[in-house]
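Participant: As input, take start10.csv (CSV, C-alpha atoms and all ligand atoms):
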```csv
chain,number,residue,atom,x,y,z
B,1,MET,CA,-181.9,83.6,-42.2
B,2,ARG,CA,-184.3,81.2,-40.7
B,3,LYS,CA,-183.1,79.5,-37.5
B,4,ARG,CA,-182.6,81.5,-34.4
B,5,TRP,CA,-179.1,81.5,-33.1
B,6,ILE,CA,-180.1,80.3,-29.6
B,7,SER,CA,-180.8,76.8,-31.0
B,8,LEU,CA,-177.3,76.6,-32.3
B,9,LEU,CA,-175.9,77.4,-28.9
B,10,VAL,CA,-176.9,73.9,-27.7
B,11,THR,CA,-173.5,72.2,-28.4
B,12,GLY,CA,-173.9,69.1,-26.3
B,13,LEU,CA,-176.5,66.8,-25.0
B,14,LEU,CA,-176.4,64.6,-21.9
B,15,VAL,CA,-177.5,61.1,-22.8
B,16,GLY,CA,-177.2,58.4,-20.1
B,17,GLY,CA,-174.6,60.5,-18.4
B,18,ALA,CA,-172.3,60.8,-21.4
B,19,LEU,CA,-171.7,64.1,-23.2
B,20,VAL,CA,-172.6,63.5,-26.8
B,21,PRO,CA,-171.7,66.3,-29.2
B,22,ALA,CA,-174.7,67.6,-31.0
B,23,SER,CA,-174.5,67.1,-34.8
B,24,PRO,CA,-177.2,69.4,-36.2
B,25,ALA,CA,-178.6,68.0,-39.4
B,26,LEU,CA,-178.0,70.6,-42.0
B,27,ALA,CA,-180.8,70.9,-44.5
B,28,ALA,CA,-180.0,70.0,-48.0
B,29,PRO,CA,-179.6,73.0,-50.4
B,30,THR,CA,-182.5,73.6,-52.7
B,31,PHE,CA,-181.0,72.1,-55.8
B,32,LYS,CA,-182.3,73.3,-59.2
B,33,VAL,CA,-182.0,71.8,-62.7
B,34,PRO,CA,-178.5,72.7,-63.9
B,35,PHE,CA,-179.6,74.7,-66.9
B,36,PRO,CA,-180.9,78.2,-67.4
B,37,CYS,CA,-184.4,79.3,-66.5
B,38,GLY,CA,-187.2,77.9,-68.7
B,39,GLN,CA,-185.2,75.2,-70.5
B,40,SER,CA,-186.4,71.6,-70.6
B,41,TRP,CA,-183.9,68.8,-70.6
B,42,SER,CA,-184.2,65.1,-70.8
B,43,GLY,CA,-182.6,63.5,-67.8
B,44,GLN,CA,-181.8,59.8,-67.8
B,45,THR,CA,-180.9,57.6,-64.8
B,46,ARG,CA,-179.9,54.0,-65.2
B,47,SER,CA,-178.7,51.4,-62.8
B,48,ASP,CA,-175.5,50.6,-64.7
B,49,HIS,CA,-174.4,54.3,-64.6
B,50,SER,CA,-171.3,55.2,-62.7
B,51,PRO,CA,-172.0,56.3,-60.1
B,52,ALA,CA,-175.5,54.8,-60.1
B,53,ASN,CA,-177.4,57.9,-59.0
B,54,ALA,CA,-175.9,60.2,-61.6
B,55,VAL,CA,-178.1,61.8,-64.3
B,56,ASP,CA,-177.2,62.3,-68.0
B,57,PHE,CA,-178.9,65.3,-69.5
B,58,ASN,CA,-179.6,65.9,-73.2
B,59,ARG,CA,-181.6,68.0,-75.5
B,60,THR,CA,-181.5,68.6,-79.3
B,61,ASP,CA,-178.3,70.2,-80.5
B,62,ASP,CA,-177.0,70.5,-76.9
B,63,LEU,CA,-173.3,70.8,-77.7
B,64,GLY,CA,-172.1,74.1,-76.3
B,65,ASP,CA,-175.2,74.9,-74.3
B,66,PRO,CA,-174.5,76.6,-71.0
B,67,VAL,CA,-174.5,74.5,-67.8
B,68,VAL,CA,-175.3,76.5,-64.6
B,69,ALA,CA,-174.8,76.0,-60.9
B,70,SER,CA,-177.7,74.1,-59.4
B,71,ALA,CA,-177.4,75.8,-56.0
B,72,PRO,CA,-175.2,78.5,-54.4
B,73,GLY,CA,-171.8,77.4,-53.3
B,74,THR,CA,-168.0,77.6,-53.9
B,75,VAL,CA,-166.3,76.1,-56.9
B,76,ASP,CA,-163.7,73.7,-55.5
B,77,ARG,CA,-162.6,71.8,-58.6
B,78,VAL,CA,-162.1,72.8,-62.2
B,79,THR,CA,-160.3,69.8,-63.6
B,80,ASP,CA,-159.5,68.3,-67.0
B,81,LEU,CA,-159.0,64.6,-66.8
B,82,GLY,CA,-158.2,64.4,-70.5
B,83,GLY,CA,-159.7,61.6,-72.5
B,84,THR,CA,-160.9,59.6,-69.5
B,85,SER,CA,-163.7,59.6,-66.9
B,86,TYR,CA,-165.3,63.0,-66.4
B,87,GLY,CA,-163.1,64.8,-68.9
B,88,LYS,CA,-163.5,68.5,-68.1
B,89,TYR,CA,-165.5,68.8,-64.9
B,90,VAL,CA,-166.5,71.3,-62.2
B,91,ARG,CA,-167.4,70.5,-58.6
B,92,ILE,CA,-169.2,72.9,-56.3
B,93,ASP,CA,-169.1,72.6,-52.5
B,94,HIS,CA,-172.5,73.7,-51.2
B,95,GLY,CA,-171.6,73.3,-47.5
B,96,GLY,CA,-173.1,70.8,-45.1
B,97,GLY,CA,-171.3,67.9,-46.9
B,98,TYR,CA,-173.2,68.5,-50.1
B,99,SER,CA,-171.5,68.8,-53.5
B,100,THR,CA,-172.5,68.7,-57.2
B,101,TYR,CA,-170.5,67.5,-60.3
B,102,TYR,CA,-170.8,68.7,-63.8
B,103,ALA,CA,-168.9,66.5,-66.3
B,104,HIS,CA,-167.8,66.1,-69.9
B,105,LEU,CA,-167.9,69.9,-70.3
B,106,ASN,CA,-166.6,71.6,-73.5
B,107,GLY,CA,-165.0,74.4,-71.5
B,108,PHE,CA,-165.0,76.2,-68.2
B,109,ASN,CA,-166.4,79.6,-67.2
B,110,VAL,CA,-165.4,79.5,-63.5
B,111,SER,CA,-162.3,79.0,-61.4
B,112,VAL,CA,-161.5,77.3,-58.1
B,113,GLY,CA,-162.5,79.4,-55.1
B,114,GLN,CA,-165.2,81.3,-56.9
B,115,THR,CA,-168.5,81.8,-55.1
B,116,VAL,CA,-171.4,81.0,-57.4
B,117,GLY,CA,-175.2,81.5,-57.1
B,118,TYR,CA,-178.2,80.0,-58.8
B,119,GLY,CA,-177.9,80.3,-62.6
B,120,LYS,CA,-174.2,81.0,-62.7
B,121,VAL,CA,-172.8,79.6,-66.0
B,122,LEU,CA,-170.1,77.1,-65.0
B,123,GLY,CA,-169.2,75.9,-68.5
B,124,TRP,CA,-170.7,74.4,-71.6
B,125,VAL,CA,-172.1,71.0,-72.6
B,126,GLY,CA,-169.4,68.9,-74.3
B,127,SER,CA,-168.3,65.3,-74.9
B,128,THR,CA,-164.9,65.3,-73.2
B,129,GLY,CA,-163.5,62.4,-71.2
B,130,GLY,CA,-165.1,59.0,-71.4
B,131,SER,CA,-168.1,60.2,-73.4
B,132,THR,CA,-169.5,59.1,-76.8
B,133,GLY,CA,-171.6,62.1,-77.5
B,134,PRO,CA,-172.5,65.5,-76.1
B,135,HIS,CA,-174.4,65.4,-72.8
B,136,LEU,CA,-174.1,66.7,-69.2
B,137,HIS,CA,-173.2,64.1,-66.6
B,138,TYR,CA,-174.5,65.5,-63.3
B,139,GLU,CA,-174.3,64.3,-59.7
B,140,GLN,CA,-175.4,65.3,-56.3
B,141,ARG,CA,-173.2,64.0,-53.4
B,142,LEU,CA,-173.4,64.0,-49.6
B,143,ASN,CA,-170.2,63.5,-47.8
B,144,GLY,CA,-168.6,62.2,-51.0
B,145,ASN,CA,-171.3,59.5,-51.7
B,146,ASP,CA,-173.6,60.0,-54.7
B,147,ILE,CA,-177.2,60.4,-53.7
B,148,GLN,CA,-180.4,60.3,-55.7
B,149,VAL,CA,-180.9,63.8,-57.2
B,150,ARG,CA,-183.6,66.2,-56.0
B,151,PHE,CA,-184.7,69.3,-57.7
B,152,ASN,CA,-186.7,71.8,-55.6
B,153,GLY,CA,-186.8,69.0,-53.0
B,154,THR,CA,-188.5,66.5,-55.4
B,155,LEU,CA,-186.8,63.2,-56.1
B,156,GLY,CA,-185.7,62.6,-59.7
B,157,LEU,CA,-187.0,59.6,-61.7
B,158,TYR,CA,-185.2,56.4,-60.8
B,159,TRP,CA,-184.8,54.6,-63.1
B,160,GLY,CA,-185.7,56.0,-66.5
B,161,THR,CA,-185.9,59.2,-68.6
B,162,LYS,CA,-187.9,62.2,-67.7
B,163,SER,CA,-188.2,65.8,-68.9
B,164,TYR,CA,-187.0,68.4,-66.3
B,165,THR,CA,-187.9,72.1,-66.8
B,166,SER,CA,-185.5,74.5,-65.1
B,167,ASP,CA,-186.6,77.4,-62.8
B,168,ASN,CA,-182.9,78.0,-62.0
B,169,GLY,CA,-182.1,81.6,-61.9
B,170,CYS,CA,-185.5,82.7,-62.9
B,171,SER,CA,-185.9,86.3,-61.7
B,172,SER,CA,-188.3,86.5,-58.8
B,173,GLY,CA,-188.0,90.2,-58.6
B,174,SER,CA,-187.3,90.6,-54.9
B,175,GLY,CA,-187.4,88.8,-51.6
B,176,ASN,CA,-188.9,89.9,-48.3
B,177,GLY,CA,-187.6,89.8,-44.8
B,178,THR,CA,-188.3,91.0,-41.3
B,179,VAL,CA,-185.6,92.6,-39.2
B,180,ASP,CA,-185.2,91.0,-35.8
B,181,THR,CA,-182.6,92.6,-33.5
B,182,SER,CA,-184.4,92.0,-30.2
B,183,GLY,CA,-184.9,95.7,-29.7
B,184,THR,CA,-182.2,98.0,-31.1
B,185,ALA,CA,-182.4,99.5,-34.6
B,186,LEU,CA,-180.2,97.8,-37.2
B,187,THR,CA,-177.5,99.8,-38.9
B,188,VAL,CA,-177.8,100.2,-42.7
B,189,ARG,CA,-174.5,100.3,-44.5
B,190,SER,CA,-173.5,101.8,-47.9
B,191,GLY,CA,-172.0,98.4,-48.9
B,192,PRO,CA,-172.0,94.7,-47.8
B,193,GLY,CA,-169.9,95.0,-44.7
B,194,THR,CA,-169.4,96.6,-41.3
B,195,GLY,CA,-166.5,98.6,-42.7
B,196,TYR,CA,-168.9,100.6,-45.0
B,197,ALA,CA,-170.4,103.9,-43.9
B,198,SER,CA,-173.5,103.9,-41.8
B,199,VAL,CA,-176.3,105.4,-43.9
B,200,GLY,CA,-179.2,105.0,-41.5
B,201,THR,CA,-181.1,102.4,-39.5
B,202,VAL,CA,-184.1,100.1,-39.8
B,203,ALA,CA,-186.3,99.5,-36.7
B,204,ASP,CA,-186.6,96.1,-35.1
B,205,GLY,CA,-189.6,94.4,-36.6
B,206,ALA,CA,-189.5,96.4,-39.8
B,207,ARG,CA,-190.4,94.6,-43.0
B,208,VAL,CA,-187.8,95.0,-45.7
B,209,THR,CA,-187.8,94.3,-49.5
B,210,ILE,CA,-184.6,92.6,-50.6
B,211,ALA,CA,-183.5,93.3,-54.1
B,212,CYS,CA,-180.5,91.0,-54.1
B,213,GLN,CA,-178.0,89.4,-51.8
B,214,THR,CA,-174.2,89.2,-51.7
B,215,SER,CA,-171.3,88.1,-49.6
B,216,GLY,CA,-169.6,90.5,-47.2
B,217,THR,CA,-168.4,90.8,-43.6
B,218,THR,CA,-169.3,87.9,-41.4
B,219,VAL,CA,-171.8,88.9,-38.8
B,220,THR,CA,-173.3,87.1,-35.8
B,221,GLY,CA,-176.9,88.1,-35.1
B,222,THR,CA,-180.2,86.8,-34.1
B,223,TYR,CA,-180.2,84.1,-36.7
B,224,GLY,CA,-176.6,82.9,-36.3
B,225,THR,CA,-173.4,83.7,-38.1
B,226,SER,CA,-173.5,84.6,-41.8
B,227,SER,CA,-171.6,86.5,-44.4
B,228,ILE,CA,-174.7,87.3,-46.4
B,229,TRP,CA,-175.8,90.9,-46.8
B,230,ASP,CA,-179.2,92.0,-48.1
B,231,ARG,CA,-179.5,95.0,-50.4
B,232,ILE,CA,-182.7,96.9,-49.4
B,233,GLY,CA,-182.2,99.9,-51.6
B,234,THR,CA,-179.6,101.7,-53.7
B,235,GLY,CA,-176.4,101.8,-51.6
B,236,ARG,CA,-178.3,100.3,-48.6
B,237,TYR,CA,-177.2,97.0,-47.1
B,238,ILE,CA,-178.1,95.1,-43.9
B,239,ALA,CA,-176.6,92.0,-42.4
B,240,ASP,CA,-178.8,88.9,-43.2
B,241,ALA,CA,-177.9,87.5,-39.7
B,242,TYR,CA,-180.5,89.9,-38.3
B,243,VAL,CA,-183.2,89.3,-40.9
B,244,TYR,CA,-185.8,86.6,-41.0
B,245,THR,CA,-186.2,85.6,-44.7
B,246,GLY,CA,-187.4,82.0,-44.2
B,247,TYR,CA,-184.1,80.6,-45.5
B,248,ASP,CA,-180.9,79.7,-43.7
B,249,GLY,CA,-178.7,80.7,-46.7
B,250,TYR,CA,-179.4,82.7,-49.8
B,251,ILE,CA,-183.0,83.2,-50.8
B,252,PRO,CA,-183.7,80.8,-53.7
B,253,ASN,CA,-184.0,82.6,-57.1
B,254,LEU,CA,-183.1,86.0,-55.7
B,255,PRO,CA,-180.2,87.4,-57.7
B,256,ARG,CA,-176.7,88.0,-56.3
B,257,CYS,CA,-175.9,91.7,-56.2
K,1,ZN,ZN,-173.1,60.0,-67.1
```
Transcribe the structure of this file into structure tokens.
Facilitator:
Amino acid sequence: MRKRWISLLVTGLLVGGALVPASPALAAPTFKVPFPCGQSWSGQTRSDHSPANAVDFNRTDDLGDPVVASAPGTVDRVTDLGGTSYGKYVRIDHGGGYSTYYAHLNGFNVSVGQTVGYGKVLGWVGSTGGSTGPHLHYEQRLNGNDIQVRFNGTLGLYWGTKSYTSDNGCSSGSGNGTVDTSGTALTVRSGPGTGYASVGTVADGARVTIACQTSGTTVTGTYGTSSIWDRIGTGRYIADAYVYTGYDGYIPNLPRC
């Protein structure tokens, strides 16, 4: 986690005597190219595209190539529109109003409600719906409106065709964090939840190496409320809400356990 919980306790702000609810701006997810690590794809934007900020991705012999989640999130649509529009498409809800679309797929590899991380295969490149040849139609949206795409925070090329190389799901080995409990030692559990057995503690201020992260019991700690748990050894998990990792959600490129 990154932000201290205390900043989130500020729920209102007095402006000119009126109580204005604070609406904390949530950072955009770190979106990555929606193809496996190391692959290069040609991404085309054009002003007559619908919606205008969508990207069409191609590479040689791309029919059937895997399409992967561009950021962690929850699959909220796995839909087949038949011979029109997106055809077979997947939508991922990334939280904070952000979503991504993956359209004209050949088939699906996920189901609605599934939690996905970087690099998770969602389906395969196809030409379903209103498509005249295999390609991936990809969109990033904020509050339902299509936005100009960014990969690792860098704006895509508008308008034109550019080669994008994926670092999505590339193994980074491990992540690091610092335990911050404001004094007390943090309980280490045998699994990702408070219901698992206590198998030890780590001291406040301890540096930990995180092998992978997963979803478990929701915990409120120094850095807010989170269901993310960090695996710091075999059968050793700690709540990410008490760990400074530099990221508010999952650590980019770190594998899911
Ligand atoms: Zn398209």
Participant: I want to know what sits within 9 Å of His137 in chain B, based on only C-alpha atoms, with residues of the same chain fewer than 2 positions away left out; could you give that as a list in words?
Facilitator: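 So, after excluding close chain neighbours, the residues are Ala54, Val55, Asp56, Phe57, Tyr86, Tyr101, Tyr102, Ala103, His104, Leu105, His135 and Glu139 of chain B.
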Participant: In Å, with one decimal, what is the gap from CA of Lys32 in chain B to CA of Thr217 in chain B?
Facilitator: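 Atom-to-atom, CA of Lys32 in chain B to CA of Thr217 in chain B, that is 27.3 Å.
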Participant: Please provide the set of residues having any atom within 9 Å of Leu63 in chain B, restricted to all atoms listed in the file, with same-chain residues fewer than 2 positions apart removed, written as JSON, numbers by chain.
Facilitator: {"B": [60, 61, 65, 66, 106, 124, 125, 126, 127, 133, 134, 135]}
Participant: Show me the residues around (-161.8, 73.6, -57.4) - criterion: an atom at most 10 Å away, all atoms listed in the file counted - as a ChimeraX atom specification.
Facilitator: /B:74-79,89-93,110-114
Participant: With C-alpha atoms retained, export the selected residues as a short mmCIF file (atom, residue, chain, number, x, y, z; two decimals), in the frame of the given file.
Facilitator:
```
data_model
loop_
_atom_site.label_atom_id
_atom_site.label_comp_id
_atom_site.auth_asym_id
_atom_site.auth_seq_id
_atom_site.Cartn_x
_atom_site.Cartn_y
_atom_site.Cartn_z
CA THR B 74 -168.00 77.60 -53.90
CA VAL B 75 -166.30 76.10 -56.90
CA ASP B 76 -163.70 73.70 -55.50
CA ARG B 77 -162.60 71.80 -58.60
CA VAL B 78 -162.10 72.80 -62.20
CA THR B 79 -160.30 69.80 -63.60
CA TYR B 89 -165.50 68.80 -64.90
CA VAL B 90 -166.50 71.30 -62.20
CA ARG B 91 -167.40 70.50 -58.60
CA ILE B 92 -169.20 72.90 -56.30
CA ASP B 93 -169.10 72.60 -52.50
CA VAL B 110 -165.40 79.50 -63.50
CA SER B 111 -162.30 79.00 -61.40
CA VAL B 112 -161.50 77.30 -58.10
CA GLY B 113 -162.50 79.40 -55.10
CA GLN B 114 -165.20 81.30 -56.90
#
```
Participant: List as number ranges by chain the residues having at least one atom at most 10 Å from position (-181.1, 87.2, -41.6) as given in the file, counting all atoms listed in the file.
Facilitator: B: 1-4, 177-181, 219-230, 238-250
Participant: I want to know what sits within 8 Å of Ile210 in chain B, based on only C-alpha atoms, with residues of the same chain fewer than 2 positions away left out; could you give that as a count of residues only?
Facilitator: 11
Participant: To one decimal in Å, tell me the separation between CA of Ala52 in chain B and CA of Lys120 in chain B.
Facilitator: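 According to the coordinates, CA of Ala52 in chain B and CA of Lys120 in chain B are separated by 26.4 Å.
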Participant: Calculate how many Å separate CA of Pro255 in chain B from CA of Val188 in chain B, rounding to one decimal.
Facilitator: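 Going from CA of Pro255 in chain B over to CA of Val188 in chain B, I get 19.9 Å.
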Participant: Smallest atom-to-atom distance to ligand ZN 1 (chain K): which of B:Gly129, B:Gly96, B:Gly216, B:Gly83, using only C-alpha atoms and all ligand atoms?
Facilitator: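 Between B:Gly129, B:Gly96, B:Gly216, B:Gly83, the residue approaching ligand ZN 1 (chain K) most closely is B:Gly129.
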Participant: Leaving out Thr45 in chain B and any residue of its chain fewer than 3 positions from it, which residues lie within 9 Å of it when counting all atoms listed in the file, given as a ChimeraX atom specification?
Facilitator: /B:48-49,52-56,156-162
Participant: When you count all atoms listed in the file, which of these residues is closest to ligand ZN 1 (chain K): B:Gly107, B:Gly130, B:Gly38, B:Gly64?
Facilitator: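 Comparing B:Gly107, B:Gly130, B:Gly38, B:Gly64 against ligand ZN 1 (chain K), the winner is B:Gly130.
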Participant: Rank nothing, just name the residue among B:Leu186, B:Val202, B:Leu136, B:Cys37 nearest to ligand ZN 1 (chain K), using only C-alpha atoms and all ligand atoms.
Facilitator: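 Checking each of B:Leu186, B:Val202, B:Leu136, B:Cys37 against ligand ZN 1 (chain K), counting only C-alpha atoms and all ligand atoms, the winner is B:Leu136.
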Participant: From the list B:Ala69, B:His94, B:Asp62, B:Phe31, which residue is nearest Asn109 in chain B when using all atoms listed in the file?
Facilitator: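 Ranked by minimum distance to Asn109 in chain B, first place goes to B:Ala69.
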